[in-house]
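Text of the file data-v5.cif, holding mmCIF, C-alpha atoms:
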```
data_upload
#
loop_
_atom_site.label_atom_id
_atom_site.label_comp_id
_atom_site.auth_asym_id
_atom_site.auth_seq_id
_atom_site.Cartn_x
_atom_site.Cartn_y
_atom_site.Cartn_z
CA MET A 83 24.43 25.45 49.08
CA ALA A 84 22.67 22.36 47.74
CA ASN A 85 19.29 21.16 48.92
CA VAL A 86 17.65 18.13 47.34
CA ALA A 87 14.03 16.97 47.15
CA VAL A 88 13.37 13.25 46.68
CA VAL A 89 10.00 12.26 45.18
CA GLY A 90 8.45 9.14 43.69
CA THR A 91 7.76 9.00 39.95
CA GLN A 92 5.16 6.22 39.95
CA TRP A 93 2.36 5.16 42.33
CA GLY A 94 4.61 5.09 45.36
CA ASP A 95 6.54 2.06 46.65
CA GLU A 96 9.52 3.01 44.47
CA GLY A 97 12.06 2.43 47.24
CA LYS A 98 12.39 6.02 48.45
CA GLY A 99 13.29 4.86 51.96
CA LYS A 100 16.53 3.26 50.84
CA ILE A 101 17.49 6.25 48.68
CA VAL A 102 16.74 8.77 51.42
CA ASP A 103 18.74 6.62 53.84
CA LEU A 104 21.68 6.70 51.41
CA TYR A 105 21.46 10.40 50.68
CA THR A 106 21.19 11.21 54.38
CA GLN A 107 24.85 10.29 54.66
CA MET A 108 25.58 13.40 52.58
CA ALA A 109 22.94 15.67 54.16
CA ASP A 110 22.70 17.50 57.47
CA VAL A 111 18.91 17.72 57.72
CA VAL A 112 16.16 15.38 56.50
CA ALA A 113 12.68 16.94 56.30
CA ARG A 114 9.50 14.97 55.62
CA PHE A 115 7.02 17.35 53.96
CA GLN A 116 3.70 15.55 53.30
CA GLY A 117 1.55 12.50 53.92
CA GLY A 118 1.21 10.61 57.15
CA ASN A 119 1.59 7.10 58.48
CA ASN A 120 -0.08 5.78 55.33
CA ALA A 121 3.43 5.77 53.87
CA GLY A 122 5.90 3.01 54.59
CA HIS A 123 9.63 3.23 53.98
CA THR A 124 11.63 0.00 54.29
CA LEU A 125 15.35 0.22 55.08
CA VAL A 126 17.78 -2.71 55.08
CA VAL A 127 21.06 -1.92 56.83
CA ARG A 128 23.60 -4.66 57.57
CA GLY A 129 20.87 -7.25 57.04
CA ARG A 130 18.44 -5.64 59.52
CA LYS A 131 15.08 -4.55 58.09
CA THR A 132 13.47 -1.44 59.55
CA VAL A 133 10.07 -0.10 58.45
CA LEU A 134 9.21 3.54 59.18
CA HIS A 135 5.80 5.08 58.58
CA LEU A 136 6.10 8.60 59.98
CA ILE A 137 9.62 9.34 61.18
CA PRO A 138 11.98 10.44 58.36
CA SER A 139 14.09 7.66 56.84
CA GLY A 140 17.30 9.47 57.82
CA ILE A 141 16.73 8.74 61.51
CA LEU A 142 19.22 5.85 61.55
CA HIS A 143 22.21 8.15 61.01
CA ASN A 144 24.30 9.98 63.62
CA HIS A 145 24.68 13.76 63.84
CA LYS A 146 21.57 14.58 61.78
CA ILE A 147 18.46 16.69 62.21
CA CYS A 148 15.20 14.95 61.24
CA VAL A 149 12.05 17.03 60.77
CA ILE A 150 8.39 16.14 60.43
CA GLY A 151 7.11 19.23 58.62
CA ASN A 152 3.89 21.19 58.78
CA GLY A 153 2.60 19.48 55.62
CA VAL A 154 2.47 16.10 57.34
CA VAL A 155 -0.63 14.85 59.17
CA PHE A 156 0.65 13.57 62.49
CA ASP A 157 -0.51 10.59 64.53
CA PRO A 158 1.14 10.93 67.96
CA ALA A 159 0.51 7.28 68.90
CA ILE A 160 2.34 6.04 65.80
CA PHE A 161 5.16 8.52 66.39
CA LEU A 162 5.70 7.34 69.96
CA THR A 163 5.50 3.69 68.93
CA GLU A 164 8.18 4.18 66.26
CA ILE A 165 10.48 5.92 68.72
CA GLU A 166 9.99 3.07 71.19
CA GLU A 167 10.69 0.44 68.53
CA LEU A 168 13.83 2.20 67.32
CA THR A 169 15.05 2.64 70.91
CA ASP A 170 14.35 -0.99 71.85
CA ALA A 171 16.23 -2.15 68.75
CA GLY A 172 19.20 0.01 69.76
CA ILE A 173 19.27 1.85 66.43
CA LEU A 174 18.06 5.32 67.44
CA PRO A 175 21.20 7.53 67.51
CA SER A 176 21.47 9.54 70.71
CA ASP A 177 22.95 12.56 68.91
CA THR A 178 20.39 12.80 66.11
CA ARG A 179 17.74 15.42 66.79
CA LEU A 180 14.11 14.83 65.85
CA TYR A 181 11.51 17.60 65.57
CA VAL A 182 7.79 17.80 64.84
CA SER A 183 6.23 20.96 63.45
CA GLU A 184 3.86 22.69 65.84
CA LYS A 185 1.78 23.50 62.76
CA ALA A 186 1.33 19.88 61.63
CA HIS A 187 -2.28 18.72 61.80
CA VAL A 188 -3.13 15.90 64.19
CA ILE A 189 -4.90 12.72 63.14
CA MET A 190 -7.74 12.19 65.60
CA PRO A 191 -9.72 9.00 66.37
CA TYR A 192 -12.74 10.31 64.47
CA HIS A 193 -10.61 10.69 61.35
CA ARG A 194 -9.78 6.99 61.43
CA SER A 195 -13.40 6.04 62.18
CA ILE A 196 -14.76 8.06 59.26
CA ASP A 197 -12.02 6.83 56.91
CA GLN A 198 -12.81 3.19 57.65
CA ALA A 199 -16.59 3.69 57.63
CA ARG A 200 -16.49 5.32 54.21
CA GLU A 201 -14.44 2.52 52.68
CA THR A 202 -16.79 -0.08 54.15
CA ARG A 203 -19.85 1.78 52.90
CA HIS A 204 -18.38 2.01 49.39
CA SER A 205 -17.12 -1.58 49.39
CA GLN A 206 -18.09 -2.02 45.73
CA LYS A 207 -16.21 1.11 44.68
CA LYS A 208 -13.22 1.49 46.95
CA ILE A 209 -10.52 4.11 46.63
CA GLY A 210 -8.00 1.86 48.38
CA THR A 211 -7.40 3.99 51.47
CA THR A 212 -5.27 2.59 54.27
CA GLY A 213 -7.97 3.52 56.80
CA ARG A 214 -5.53 5.49 58.95
CA GLY A 215 -7.45 8.77 58.88
CA ILE A 216 -5.15 10.59 56.50
CA GLY A 217 -7.82 11.92 54.11
CA PRO A 218 -10.28 13.08 56.79
CA ALA A 219 -7.43 14.85 58.62
CA TYR A 220 -6.54 16.77 55.47
CA GLU A 221 -10.24 17.53 54.95
CA ASP A 222 -10.42 19.21 58.36
CA LYS A 223 -7.23 21.11 57.59
CA VAL A 224 -8.74 22.58 54.43
CA ALA A 225 -12.08 23.18 56.17
CA ARG A 226 -10.18 25.11 58.89
CA THR A 227 -11.55 22.90 61.64
CA GLY A 228 -8.40 20.82 62.19
CA ILE A 229 -6.40 20.46 65.39
CA ARG A 230 -2.70 21.25 65.12
CA VAL A 231 0.11 19.89 67.28
CA GLY A 232 0.51 23.28 68.96
CA ASP A 233 -3.15 23.27 69.98
CA LEU A 234 -2.48 20.36 72.32
CA TYR A 235 -0.59 22.73 74.64
CA GLU A 236 -3.58 25.02 75.13
CA ALA A 237 -5.92 22.60 76.90
CA ASP A 238 -9.01 24.81 76.89
CA LEU A 239 -8.64 25.61 73.18
CA PHE A 240 -8.00 21.95 72.40
CA ARG A 241 -11.10 20.78 74.28
CA GLU A 242 -13.25 23.40 72.57
CA LYS A 243 -12.01 22.48 69.09
CA LEU A 244 -12.48 18.80 69.90
CA ARG A 245 -16.04 19.37 71.15
CA HIS A 246 -16.88 21.40 68.06
CA SER A 247 -15.50 18.72 65.71
CA LEU A 248 -17.22 15.87 67.49
CA GLU A 249 -20.64 17.50 67.10
CA GLU A 250 -20.38 17.01 63.36
CA LYS A 251 -18.31 13.81 63.36
CA ASN A 252 -20.55 11.95 65.81
CA PHE A 253 -23.62 12.95 63.83
CA LEU A 254 -22.04 11.45 60.71
CA LEU A 255 -20.83 8.33 62.48
CA LYS A 256 -24.19 7.58 64.12
CA ASN A 257 -26.75 8.79 61.59
CA PHE A 258 -25.02 8.27 58.27
CA PHE A 259 -22.53 5.46 58.77
CA GLY A 260 -24.41 3.67 61.56
CA THR A 261 -21.38 3.29 63.81
CA GLU A 262 -20.68 4.28 67.41
CA ALA A 263 -20.19 7.84 68.55
CA LEU A 264 -16.91 8.84 70.21
CA ASP A 265 -16.43 10.28 73.69
CA ALA A 266 -14.82 13.73 73.89
CA ASP A 267 -13.49 13.32 77.43
CA LYS A 268 -11.73 10.05 76.62
CA ILE A 269 -10.16 11.51 73.50
CA ALA A 270 -9.06 14.65 75.37
CA ALA A 271 -7.40 12.63 78.12
CA GLU A 272 -5.64 10.40 75.59
CA TYR A 273 -4.30 13.24 73.46
CA LEU A 274 -3.27 15.51 76.33
CA ALA A 275 -1.23 12.57 77.63
CA TYR A 276 0.38 12.25 74.19
CA ALA A 277 1.13 15.97 74.27
CA GLU A 278 3.32 15.61 77.35
CA LYS A 279 5.26 12.73 75.79
CA ILE A 280 5.92 14.45 72.45
CA LYS A 281 6.64 17.89 73.94
CA PRO A 282 10.46 17.56 73.70
CA TYR A 283 10.15 17.14 69.93
CA VAL A 284 7.69 19.95 69.12
CA ALA A 285 9.15 23.09 67.53
CA ASP A 286 8.80 25.74 64.84
CA THR A 287 10.49 23.55 62.24
CA SER A 288 10.41 26.24 59.56
CA LEU A 289 12.82 28.28 61.68
CA ILE A 290 15.06 25.25 62.23
CA ILE A 291 15.31 24.46 58.51
CA ASP A 292 15.85 28.12 57.61
CA SER A 293 18.64 28.39 60.20
CA GLU A 294 20.38 25.30 58.79
CA ILE A 295 20.13 26.64 55.23
CA LYS A 296 21.69 29.94 56.33
CA LYS A 297 24.56 28.00 57.89
CA GLY A 298 25.20 26.42 54.49
CA ASN A 299 24.10 22.98 55.61
CA LYS A 300 22.53 20.49 53.22
CA ILE A 301 18.79 19.75 53.42
CA LEU A 302 17.16 16.60 52.05
CA PHE A 303 13.40 16.92 51.55
CA GLU A 304 11.67 13.55 51.78
CA GLY A 305 8.38 12.91 50.02
CA ALA A 306 5.97 10.04 50.57
CA GLN A 307 3.91 8.06 48.04
CA GLY A 308 4.48 8.92 44.34
CA CYS A 309 3.56 11.52 41.73
CA HIS A 310 0.61 9.54 40.38
CA LEU A 311 -0.95 9.53 43.84
CA ASP A 312 -0.81 13.35 43.93
CA ILE A 313 -4.19 14.91 44.72
CA ASP A 314 -3.89 17.25 41.69
CA HIS A 315 -1.60 15.45 39.25
CA GLY A 316 -2.31 11.80 39.98
CA THR A 317 -4.89 9.28 38.77
CA TYR A 318 -7.72 11.02 40.61
CA PRO A 319 -9.74 9.86 42.55
CA TYR A 320 -7.42 6.89 43.15
CA VAL A 321 -4.88 9.10 44.89
CA THR A 322 -3.70 10.15 48.31
CA SER A 323 -4.93 13.32 50.03
CA SER A 324 -1.88 15.56 49.65
CA ASN A 325 0.43 16.93 46.98
CA THR A 326 3.26 14.46 46.49
CA VAL A 327 5.09 16.45 43.81
CA SER A 328 8.29 18.35 44.53
CA GLY A 329 6.55 21.73 44.69
CA ASN A 330 5.04 20.73 48.02
CA ALA A 331 8.51 20.34 49.55
CA SER A 332 8.48 24.11 49.93
CA CYS A 333 4.94 24.53 51.24
CA GLY A 334 5.04 21.43 53.45
CA SER A 335 8.25 22.40 55.22
CA GLY A 336 7.98 26.16 55.44
CA ILE A 337 10.81 27.32 53.19
CA GLY A 338 10.86 29.22 49.90
CA PRO A 339 11.03 27.29 46.60
CA GLY A 340 14.36 28.88 45.72
CA ALA A 341 16.01 26.89 48.50
CA ILE A 342 15.48 23.61 46.62
CA THR A 343 18.33 23.28 44.17
CA SER A 344 17.61 19.86 42.63
CA VAL A 345 14.96 17.16 42.46
CA VAL A 346 15.72 13.44 42.31
CA GLY A 347 12.93 11.17 41.11
CA ILE A 348 12.85 7.60 42.37
CA CYS A 349 11.83 5.16 39.65
CA LYS A 350 11.40 1.40 40.02
CA ALA A 351 12.71 -0.58 37.04
CA TYR A 352 9.17 -1.85 36.54
CA THR A 353 5.80 -0.54 37.75
CA THR A 354 3.69 -1.40 40.80
CA ARG A 355 0.68 0.02 42.56
CA VAL A 356 -1.30 -0.80 45.68
CA GLY A 357 -5.04 -0.39 45.81
CA GLU A 358 -7.57 0.48 43.16
CA GLY A 359 -7.34 2.43 39.93
CA PRO A 360 -6.27 2.05 36.28
CA PHE A 361 -2.93 0.35 35.56
CA PRO A 362 -2.27 0.12 31.79
CA THR A 363 0.87 -2.07 31.97
CA GLU A 364 -0.38 -4.44 34.68
CA LEU A 365 0.63 -8.08 34.18
CA GLN A 366 -1.58 -10.89 35.35
CA ASP A 367 0.63 -13.70 34.10
CA PRO A 368 3.82 -15.58 35.13
CA ILE A 369 5.96 -12.49 34.51
CA GLY A 370 3.77 -10.44 36.84
CA ASP A 371 4.08 -13.24 39.40
CA HIS A 372 7.88 -13.16 38.97
CA LEU A 373 8.02 -9.41 39.65
CA GLN A 374 5.75 -9.75 42.69
CA LYS A 375 7.62 -12.67 44.26
CA VAL A 376 11.22 -11.72 43.46
CA GLY A 377 10.59 -8.07 44.24
CA GLN A 378 8.78 -8.94 47.49
CA GLU A 379 6.03 -6.58 46.45
CA PHE A 380 3.97 -6.17 49.57
CA GLY A 381 2.95 -2.78 50.97
CA ALA A 382 5.25 -1.72 53.84
CA THR A 383 2.32 -0.06 55.64
CA THR A 384 -0.62 -2.33 54.79
CA GLY A 385 1.02 -5.63 53.84
CA ARG A 386 -1.22 -5.66 50.76
CA LYS A 387 0.08 -7.45 47.67
CA ARG A 388 1.18 -4.94 45.05
CA ARG A 389 -0.04 -5.14 41.49
CA CYS A 390 2.93 -5.46 39.11
CA GLY A 391 3.57 -4.58 35.47
CA TRP A 392 6.08 -3.43 32.90
CA LEU A 393 7.84 -0.09 33.22
CA ASP A 394 5.51 2.71 32.08
CA MET A 395 7.50 5.67 30.78
CA VAL A 396 4.32 7.65 30.07
CA LEU A 397 3.90 7.90 33.85
CA VAL A 398 7.57 8.68 34.45
CA ARG A 399 7.67 11.45 31.82
CA HIS A 400 4.63 13.03 33.46
CA SER A 401 6.42 12.99 36.82
CA VAL A 402 9.58 14.47 35.32
CA ARG A 403 7.51 17.35 33.95
CA VAL A 404 5.36 18.22 36.98
CA SER A 405 8.14 17.80 39.56
CA GLY A 406 11.00 19.34 37.57
CA ILE A 407 13.05 16.16 37.85
CA ALA A 408 16.51 16.32 36.29
CA ALA A 409 17.91 13.15 37.88
CA LEU A 410 16.55 9.63 38.37
CA ALA A 411 17.47 7.00 40.94
CA ILE A 412 16.57 3.55 39.60
CA THR A 413 15.54 0.87 42.09
CA LYS A 414 15.03 -2.90 41.93
CA LEU A 415 16.89 -3.38 38.65
CA ASP A 416 17.96 -6.78 40.01
CA VAL A 417 14.36 -8.02 40.04
CA LEU A 418 14.40 -8.09 36.21
CA THR A 419 17.33 -10.52 36.16
CA GLY A 420 16.46 -13.81 34.48
CA LEU A 421 13.71 -12.53 32.19
CA ASP A 422 14.39 -13.27 28.50
CA LYS A 423 12.63 -10.20 27.16
CA LEU A 424 11.76 -6.87 28.77
CA LYS A 425 9.13 -4.38 27.71
CA ILE A 426 8.93 -0.62 28.20
CA CYS A 427 5.69 1.26 27.59
CA VAL A 428 6.49 4.29 25.41
CA GLY A 429 2.93 5.49 24.79
CA TYR A 430 -0.75 4.57 24.80
CA LYS A 431 -3.23 3.72 22.07
CA SER A 432 -6.75 4.87 22.83
CA ILE A 433 -9.89 2.87 22.19
CA HIS A 434 -10.27 4.95 19.00
CA GLY A 435 -6.80 3.97 17.79
CA ASP A 436 -5.15 7.33 18.54
CA PHE A 437 -1.56 7.26 19.87
CA THR A 438 -0.55 9.49 22.77
CA HIS A 439 2.59 10.08 24.82
CA ALA A 440 0.55 11.47 27.75
CA ALA A 441 -1.88 9.90 30.18
CA PRO A 442 -5.50 11.14 29.88
CA ALA A 443 -7.09 12.78 32.92
CA SER A 444 -10.23 10.69 32.55
CA MET A 445 -9.99 7.43 34.47
CA LYS A 446 -12.44 5.84 32.03
CA ALA A 447 -10.20 6.83 29.11
CA LEU A 448 -7.04 5.69 30.92
CA SER A 449 -8.64 2.33 31.75
CA SER A 450 -9.33 1.76 28.07
CA CYS A 451 -5.82 2.71 26.91
CA GLU A 452 -3.64 -0.01 25.45
CA PRO A 453 0.10 0.29 26.18
CA VAL A 454 2.47 0.52 23.23
CA TYR A 455 5.68 -1.34 24.01
CA GLU A 456 9.28 -1.43 22.95
CA GLU A 457 10.94 -4.80 23.57
CA LEU A 458 14.51 -5.22 24.79
CA ASP A 459 16.66 -8.24 25.53
CA GLY A 460 17.01 -9.23 29.17
CA TRP A 461 20.02 -10.57 31.07
CA LYS A 462 20.81 -13.66 33.14
CA GLU A 463 23.85 -12.45 35.09
CA ASP A 464 23.61 -11.75 38.84
CA ILE A 465 24.01 -7.99 39.22
CA SER A 466 23.71 -7.72 43.01
CA GLY A 467 27.48 -7.34 43.42
CA ALA A 468 27.89 -4.63 40.78
CA LEU A 469 29.83 -1.63 42.07
CA THR A 470 30.04 0.45 38.87
CA LEU A 471 27.99 0.93 35.75
CA ASN A 472 30.55 -1.08 33.79
CA ASP A 473 29.96 -4.07 36.08
CA LEU A 474 26.44 -4.41 34.67
CA PRO A 475 25.64 -6.65 31.68
CA ALA A 476 25.38 -4.91 28.32
CA ASN A 477 21.61 -5.54 28.16
CA ALA A 478 21.09 -4.00 31.60
CA LYS A 479 23.01 -0.91 30.51
CA ALA A 480 20.93 -0.72 27.34
CA TYR A 481 17.75 -0.87 29.41
CA LEU A 482 18.95 2.00 31.61
CA LYS A 483 20.02 4.05 28.59
CA ARG A 484 16.55 3.69 27.11
CA MET A 485 15.06 4.89 30.41
CA GLU A 486 17.22 8.00 30.21
CA ASP A 487 16.31 8.68 26.59
CA LEU A 488 12.58 8.26 27.17
CA SER A 489 12.45 10.26 30.42
CA GLY A 490 14.71 13.15 29.49
CA ALA A 491 16.45 12.84 32.87
CA ARG A 492 19.87 11.42 33.64
CA ILE A 493 20.33 8.41 35.91
CA VAL A 494 22.40 9.22 39.01
CA LEU A 495 21.90 6.05 41.07
CA ILE A 496 21.10 2.38 40.43
CA SER A 497 19.95 0.04 43.17
CA VAL A 498 20.88 -3.60 42.50
CA GLY A 499 19.69 -5.09 45.80
CA ALA A 500 17.84 -4.29 49.01
CA GLY A 501 20.91 -3.52 51.13
CA ARG A 502 22.42 -0.06 51.55
CA GLU A 503 25.69 -1.28 50.02
CA GLU A 504 24.01 -2.82 46.95
CA THR A 505 23.97 0.48 45.11
CA ILE A 506 25.80 2.09 42.21
CA GLN A 507 26.07 5.83 42.81
CA LEU A 508 26.98 7.75 39.69
CA GLU A 509 26.59 11.27 41.11
CA ASN A 510 26.27 13.00 44.43
CA PRO A 511 23.08 15.11 44.13
CA PHE A 512 24.41 17.63 46.64
CA GLU A 513 27.34 18.48 44.39
CA ASN A 514 25.31 19.63 41.39
#
```
Could you write out this structure as structure tokens?
Amino acid sequence: MANVAVVGTQWGDEGKGKIVDLYTQMADVVARFQGGNNAGHTLVVRGRKTVLHLIPSGILHNHKICVIGNGVVFDPAIFLTEIEELTDAGILPSDTRLYVSEKAHVIMPYHRSIDQARETRHSQKKIGTTGRGIGPAYEDKVARTGIRVGDLYEADLFREKLRHSLEEKNFLLKNFFGTEALDADKIAAEYLAYAEKIKPYVADTSLIIDSEIKKGNKILFEGAQGCHLDIDHGTYPYVTSSNTVSGNASCGSGIGPGAITSVVGICKAYTTRVGEGPFPTELQDPIGDHLQKVGQEFGATTGRKRRCGWLDMVLVRHSVRVSGIAALAITKLDVLTGLDKLKICVGYKSIHGDFTHAAPASMKALSSCEPVYEELDGWKEDISGALTLNDLPANAKAYLKRMEDLSGARIVLISVGAGREETIQLENPFEN
């Protein structure tokens, strides 16, 4: 038995969609365990680009089971739209089964309204939310006032929970945020209609995953965002509203932690982030422009331009530690092609001159940290056609070797282009 969790090691946008798509070929089940449609996974297969926000990235493969787990916050409108888009494009396999946990919490219209109103109110001090209601949905989950997918099939219970929530939410919207109140009857009609459409997909997904594990089938657990957007271990408060680390693969999918046999961390060959927050290695110069343009660094969900900078191994080491990562998949190595010199951040120097290998918890302290770099020679050769490690230029191999040494994790995959075939696979994670 081998079951693999895939997580991001930076601030998200590491290219997890492509890696999950690749690893799905070796897996039987793909389970998404956290986040919502604030995530965006871009897949390029035979030149066709597909962007998924909620449905697991493995959906393009035949004979698979794809699961949206209980740890995900679920927007039924987005789910149905993605199914329609995949069907219209003729790329939704007829023999791949898709399930949604009956215990997943539902994103409601008032969640989106509050999310957007808060960001507007705090326009001078934004968190960088996508405005899709993710945070407020998780708030209701923790406050035990949320509506779960299964509640939609008990109409009286659903209407009562909706009425109860709207008492508070409408008060906030009208009296605190100064926006319009929402109508309970309209929302109930809309969501009960969604319930009928999604009913064929709703199931106890914990039982499904457990059954597949007992059969000896391979499970791939798909995370969203990255470690440094984790609500506990990230650059708080500039984070997402869920745990993005590998430990949540167990909680967010309803299986015991012993079922996860390995963790693969996805690491971009440089660093990017979307939204607000400290970014020690950020480049606001021609090299940063090169990374942004060549790497096509725009958010798959929001379209926002990503901030770009040198590879920060302080962040990656942190991710390796808190997620138990033994293997790294490196993405976008090709974007570095053509740069004369490359830099890797190996530590930080504080405003007091102290050197540290770890990121401080204080955002004020992190913002004042100065990155300490090692410099390596770059390469000019086109690497997009490389099929093996030996096909790479010596300087590219040296860069990768330094990543291994600094992270303490071995590299098992190297992406040298956007396409599925533009990948060097050194190990099969399901065989270890």
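When you apply the PyMOL selection byres ((chain A and resi 401-409) around 6) to this structure, what comes back is Thr91, Cys309, Val327, Ser328, Val345, Val346, Gly347, Val398, Arg399, His400, Leu410, Ala491, Arg492 and Ile493 of chain A.
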**Request:** For the structure provided, state which residues fall under the PyMOL selection byres ((chain A and resi 355) around 12), and present them as a VMD selection string.
**Result:** chain A and resid 91 to 96 210 307 to 311 317 320 to 321 350 352 to 354 356 to 365 374 379 to 381 386 to 394
Do a neighbour search on segment 168-174 of chain A at 9 Å with all atoms listed in the file, toss out local chain neighbours closer than 5 positions, and write the hits as a compact mmCIF listing (two decimals) with C-alpha atoms, in the coordinates of the input.
```
# COMPACT_ATOMS: atom_id res chain seq x y z
CA THR A 132 13.47 -1.44 59.55
CA ILE A 141 16.73 8.74 61.51
CA LEU A 142 19.22 5.85 61.55
CA HIS A 143 22.21 8.15 61.01
CA ASN A 144 24.30 9.98 63.62
CA THR A 163 5.50 3.69 68.93
```
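Between Ser450 of chain A and the candidates A:Glu167, A:Asp473, A:Glu249, A:Asp436, the tightest atom-to-atom separation, counting only C-alpha atoms, involves A:Asp436.
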**Item:** Selection result for the PyMOL selection byres ((chain A and resi 109) around 9) on this file, as a list in words
**Value:**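 That expression, the PyMOL selection byres ((chain A and resi 109) around 9), corresponds here to Asn85, Val86, Tyr105, Thr106, Gln107, Met108, Asp110, Val111, Val112, Lys146, Asn299, Lys300, Ile301, Leu302 and Phe512 of chain A.
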**Distance of atom CA of Lys431 of chain A from atom CA of Ile412 of chain A, expressed in Å to one decimal place** =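 Atom CA of Lys431 of chain A lies at a distance of 26.4 Å from atom CA of Ile412 of chain A.
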**Prompt:** atom CA of Glu272 of chain A to atom CA of Val284 of chain A: how many Å, to one decimal?
**Reply:** 17.6 Å
**Request:** Please measure the separation of atom CA of Gln116 of chain A and atom CA of Gly338 of chain A, giving the value in Å to one decimal.
**Result:**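 Atom-to-atom, atom CA of Gln116 of chain A to atom CA of Gly338 of chain A, that is 15.8 Å.
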Close residues, Asp157 of chain A itself excluded, 12 Å, only C-alpha atoms, min 6 positions apart in chain, as a PDB file with C-alpha atoms, in the frame of the given file:
```
ATOM      1  CA  GLY A 117       1.550  12.500  53.920  1.00  0.00           C
ATOM      2  CA  GLY A 118       1.210  10.610  57.150  1.00  0.00           C
ATOM      3  CA  ASN A 119       1.590   7.100  58.480  1.00  0.00           C
ATOM      4  CA  ASN A 120      -0.080   5.780  55.330  1.00  0.00           C
ATOM      5  CA  HIS A 135       5.800   5.080  58.580  1.00  0.00           C
ATOM      6  CA  LEU A 136       6.100   8.600  59.980  1.00  0.00           C
ATOM      7  CA  ILE A 137       9.620   9.340  61.180  1.00  0.00           C
ATOM      8  CA  ILE A 150       8.390  16.140  60.430  1.00  0.00           C
ATOM      9  CA  THR A 163       5.500   3.690  68.930  1.00  0.00           C
ATOM     10  CA  GLU A 164       8.180   4.180  66.260  1.00  0.00           C
ATOM     11  CA  VAL A 182       7.790  17.800  64.840  1.00  0.00           C
ATOM     12  CA  ALA A 186       1.330  19.880  61.630  1.00  0.00           C
ATOM     13  CA  HIS A 187      -2.280  18.720  61.800  1.00  0.00           C
ATOM     14  CA  VAL A 188      -3.130  15.900  64.190  1.00  0.00           C
ATOM     15  CA  ILE A 189      -4.900  12.720  63.140  1.00  0.00           C
ATOM     16  CA  MET A 190      -7.740  12.190  65.600  1.00  0.00           C
ATOM     17  CA  PRO A 191      -9.720   9.000  66.370  1.00  0.00           C
ATOM     18  CA  HIS A 193     -10.610  10.690  61.350  1.00  0.00           C
ATOM     19  CA  ARG A 194      -9.780   6.990  61.430  1.00  0.00           C
ATOM     20  CA  ARG A 214      -5.530   5.490  58.950  1.00  0.00           C
ATOM     21  CA  GLY A 215      -7.450   8.770  58.880  1.00  0.00           C
ATOM     22  CA  ILE A 216      -5.150  10.590  56.500  1.00  0.00           C
ATOM     23  CA  ALA A 219      -7.430  14.850  58.620  1.00  0.00           C
ATOM     24  CA  ILE A 229      -6.400  20.460  65.390  1.00  0.00           C
ATOM     25  CA  ARG A 230      -2.700  21.250  65.120  1.00  0.00           C
ATOM     26  CA  VAL A 231       0.110  19.890  67.280  1.00  0.00           C
ATOM     27  CA  TYR A 273      -4.300  13.240  73.460  1.00  0.00           C
ATOM     28  CA  TYR A 276       0.380  12.250  74.190  1.00  0.00           C
ATOM     29  CA  ALA A 277       1.130  15.970  74.270  1.00  0.00           C
ATOM     30  CA  ILE A 280       5.920  14.450  72.450  1.00  0.00           C
TER      31      ILE A 280
END
```
**Message:** Nearest residue to Glu184 of chain A out of A:Ala447, A:Leu254, A:Leu234, A:Ala306, using all atoms listed in the file?
**Reply:**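 Ranked by minimum distance to Glu184 of chain A, first place goes to A:Leu234.
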**Request:** Using only C-alpha atoms, find the one residue out of A:Tyr192, A:Tyr220, A:Tyr318, A:Phe303 that sits nearest to Thr343 of chain A.
**Result:**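 So, comparing all the options, the nearest one is A:Phe303.
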